[in-house]
Amino acid sequence: MIGWRAMSAADLADVHAIAQRLHGDHPEDVSVARERLALFPAGCRVLVDGSALIGYAVSHPWILGEPPALDTRLGRLPQHPTTYYVHDVAILPAGRGQGAAAAVLAHMMALSRAAGLDNLSLVAVSGSQAVWARLGFVPPAWPGMAGKLASYGEAAFMIRRLDEGVG
């Protein structure tokens, strides 16, 4: 049976291996995940099937419309966040089609509400825009966003309001 659990520092090598496998066109140093885990452990989860790690999710409070550049450490989280940012969700084929993405999204939505935020945002890469749209995310008309997404290559900025149901 597969399920999400809290990420630990011991998981980072497996997280990085999955990232390299699934996001080869969008590489990030393992120090990025390590820093996100240190800054906001509640937003870092791993998907396990028995003892095998088959996915991960990294998320944290942030500033709406200001997605962090790819492969960049943050230094610190904002004092007054305006969005709950989904940095990455990566699930190996063995974990897909079983509701894992919706389950981790529900966790992120709860964290967003607990932080007093009314939305989640992300940058959809590698043709994942349709997946995120099924989960209630929409690409807003946001002037100047193309420049902010330059480090991601072909990508779309997307937002999900918490008052909308999970798709």
# chains A, B, ... in the order shown; residues from 1 in each chain; ligands from 1

call {"tool": "select_by_dssp", "arguments": {"residues": "chain A", "states": "helix (DSSP H, G or I)", "output": "JSON, numbers by chain"}}
result
{"A": [9, 10, 11, 12, 13, 14, 15, 16, 17, 18, 19, 20, 21, 22, 30, 31, 32, 33, 34, 35, 36, 37, 38, 39, 41, 42, 43, 93, 94, 95, 100, 101, 102, 103, 104, 105, 106, 107, 108, 109, 110, 111, 112, 113, 114, 129, 130, 131, 132, 133, 134, 145, 146, 147, 148, 150, 151, 152]}

call {"tool": "closest_atom_pairs", "arguments": {"of": "range 51-89 of chain A", "to": "range 102-121 of chain A", "cutoff": "12 Å", "atoms": "only C-alpha atoms", "output": "CSV"}}
result
residue,atom,partner,partner_atom,distance
A:Gly55,CA,A:Val104,CA,10.7
A:Tyr56,CA,A:Val104,CA,9.2
A:Ala57,CA,A:Val104,CA,7.5
A:Val58,CA,A:Met108,CA,9.5
A:Ser59,CA,A:Met108,CA,7.4
A:His60,CA,A:Met108,CA,8.5
A:Pro61,CA,A:Ser112,CA,7.4
A:Trp62,CA,A:Ser121,CA,9.0
A:Ile63,CA,A:Ser121,CA,9.3
A:Leu64,CA,A:Ser121,CA,7.1
A:Gly65,CA,A:Ser121,CA,8.2
A:Glu66,CA,A:Ser121,CA,9.7
A:Pro67,CA,A:Ser121,CA,8.3
A:Pro68,CA,A:Ser121,CA,11.4
A:Gln79,CA,A:Ala115,CA,11.3
A:His80,CA,A:Ala115,CA,10.0
A:Pro81,CA,A:Leu117,CA,7.8
A:Thr82,CA,A:Leu117,CA,6.3
A:Thr83,CA,A:Leu120,CA,5.5
A:Tyr84,CA,A:Leu120,CA,4.5
A:Tyr85,CA,A:Ser121,CA,5.0
A:Val86,CA,A:Ser121,CA,6.1
A:His87,CA,A:Ser121,CA,8.7
A:Asp88,CA,A:Ser121,CA,10.9
A:Val89,CA,A:Val104,CA,8.6

call {"tool": "atom_distance", "arguments": {"atom1": "CA of Arg34 in chain A", "atom2": "CA of Val46 in chain A"}}
result
13.4 Å

call {"tool": "residues_around", "arguments": {"residues": "Val138 in chain A", "least_positions_apart": "3", "cutoff": "12 Å", "atoms": "only C-alpha atoms", "output": "PyMOL selection string"}}
result
chain A and resi 119-124+129-135+141-142+156-161+164+167

call {"tool": "atom_distance", "arguments": {"atom1": "CA of Leu77 in chain A", "atom2": "CA of Cys44 in chain A"}}
result
14.3 Å

call {"tool": "select_by_dssp", "arguments": {"residues": "chain A", "states": "strand (DSSP E)", "output": "PyMOL selection string"}}
result
chain A and resi 2-6+44-49+52-62+83-91+119-125+155-161

call {"tool": "residues_around", "arguments": {"residues": "Ala52 in chain A", "least_positions_apart": "6", "cutoff": "12 Å", "atoms": "only C-alpha atoms", "output": "list of chain:residue names"}}
result
A:Met1, A:Ile2, A:Gly3, A:Trp4, A:Asp11, A:Asp14, A:Val15, A:Ile18, A:Val46, A:Leu92, A:Ala94, A:Gly95

call {"tool": "atom_distance", "arguments": {"atom1": "CA of Val48 in chain A", "atom2": "CA of Ala155 in chain A"}}
result
27.8 Å

call {"tool": "closest_residue", "arguments": {"among": "A:Thr72, A:Gln98, A:Ser126, A:Ser151", "to": "Gly24 in chain A", "atoms": "only C-alpha atoms"}}
result
A:Ser126

call {"tool": "closest_residue", "arguments": {"among": "A:Pro41, A:Arg5, A:Tyr152, A:Leu47", "to": "Gly99 in chain A", "atoms": "only C-alpha atoms"}}
result
A:Leu47

call {"tool": "decode", "arguments": {"residues": "range 143-162 of chain A", "atoms": "N, CA and C atoms", "output": "mmCIF file, in the first residue's frame"}}
result
data_model
loop_
_atom_site.group_PDB
_atom_site.id
_atom_site.type_symbol
_atom_site.label_atom_id
_atom_site.label_comp_id
_atom_site.auth_asym_id
_atom_site.auth_seq_id
_atom_site.Cartn_x
_atom_site.Cartn_y
_atom_site.Cartn_z
ATOM 1 N N PRO A 143 0.860 39.712 -16.078
ATOM 2 C CA PRO A 143 1.871 40.450 -16.845
ATOM 3 C C PRO A 143 3.277 40.253 -16.268
ATOM 4 N N GLY A 144 4.243 40.040 -17.142
ATOM 5 C CA GLY A 144 5.630 39.922 -16.733
ATOM 6 C C GLY A 144 6.035 38.545 -16.234
ATOM 7 N N MET A 145 5.121 37.583 -16.248
ATOM 8 C CA MET A 145 5.439 36.268 -15.702
ATOM 9 C C MET A 145 6.454 35.522 -16.567
ATOM 10 N N ALA A 146 6.441 35.723 -17.861
ATOM 11 C CA ALA A 146 7.356 34.982 -18.739
ATOM 12 C C ALA A 146 8.809 35.167 -18.313
ATOM 13 N N GLY A 147 9.199 36.369 -17.953
ATOM 14 C CA GLY A 147 10.567 36.620 -17.512
ATOM 15 C C GLY A 147 10.899 35.902 -16.213
ATOM 16 N N LYS A 148 9.912 35.799 -15.323
ATOM 17 C CA LYS A 148 10.128 35.127 -14.048
ATOM 18 C C LYS A 148 10.265 33.615 -14.214
ATOM 19 N N LEU A 149 9.761 33.093 -15.324
ATOM 20 C CA LEU A 149 9.808 31.653 -15.565
ATOM 21 C C LEU A 149 10.966 31.241 -16.467
ATOM 22 N N ALA A 150 11.839 32.180 -16.809
ATOM 23 C CA ALA A 150 12.922 31.901 -17.765
ATOM 24 C C ALA A 150 13.765 30.692 -17.377
ATOM 25 N N SER A 151 14.039 30.496 -16.092
ATOM 26 C CA SER A 151 14.892 29.381 -15.681
ATOM 27 C C SER A 151 14.199 28.028 -15.844
ATOM 28 N N TYR A 152 12.886 28.021 -16.037
ATOM 29 C CA TYR A 152 12.119 26.783 -16.146
ATOM 30 C C TYR A 152 11.958 26.273 -17.582
ATOM 31 N N GLY A 153 12.330 27.067 -18.576
ATOM 32 C CA GLY A 153 12.067 26.657 -19.953
ATOM 33 C C GLY A 153 10.587 26.822 -20.241
ATOM 34 N N GLU A 154 10.006 25.892 -21.011
ATOM 35 C CA GLU A 154 8.583 25.971 -21.315
ATOM 36 C C GLU A 154 7.797 25.601 -20.062
ATOM 37 N N ALA A 155 7.048 26.563 -19.543
ATOM 38 C CA ALA A 155 6.373 26.358 -18.267
ATOM 39 C C ALA A 155 5.170 27.292 -18.173
ATOM 40 N N ALA A 156 4.293 27.000 -17.223
ATOM 41 C CA ALA A 156 3.114 27.831 -16.997
ATOM 42 C C ALA A 156 2.948 28.073 -15.501
ATOM 43 N N PHE A 157 2.748 29.324 -15.125
ATOM 44 C CA PHE A 157 2.428 29.679 -13.751
ATOM 45 C C PHE A 157 0.945 29.395 -13.543
ATOM 46 N N MET A 158 0.597 28.732 -12.436
ATOM 47 C CA MET A 158 -0.792 28.363 -12.182
ATOM 48 C C MET A 158 -1.157 28.642 -10.719
ATOM 49 N N ILE A 159 -2.434 28.932 -10.501
ATOM 50 C CA ILE A 159 -2.950 29.251 -9.167
ATOM 51 C C ILE A 159 -4.189 28.405 -8.893
ATOM 52 N N ARG A 160 -4.360 28.051 -7.637
ATOM 53 C CA ARG A 160 -5.574 27.368 -7.196
ATOM 54 C C ARG A 160 -6.086 28.079 -5.957
ATOM 55 N N ARG A 161 -7.305 28.566 -6.026
ATOM 56 C CA ARG A 161 -7.940 29.215 -4.877
ATOM 57 C C ARG A 161 -8.480 28.114 -3.953
ATOM 58 N N LEU A 162 -8.374 28.308 -2.653
ATOM 59 C CA LEU A 162 -8.828 27.301 -1.713
ATOM 60 C C LEU A 162 -10.337 27.152 -1.661
#
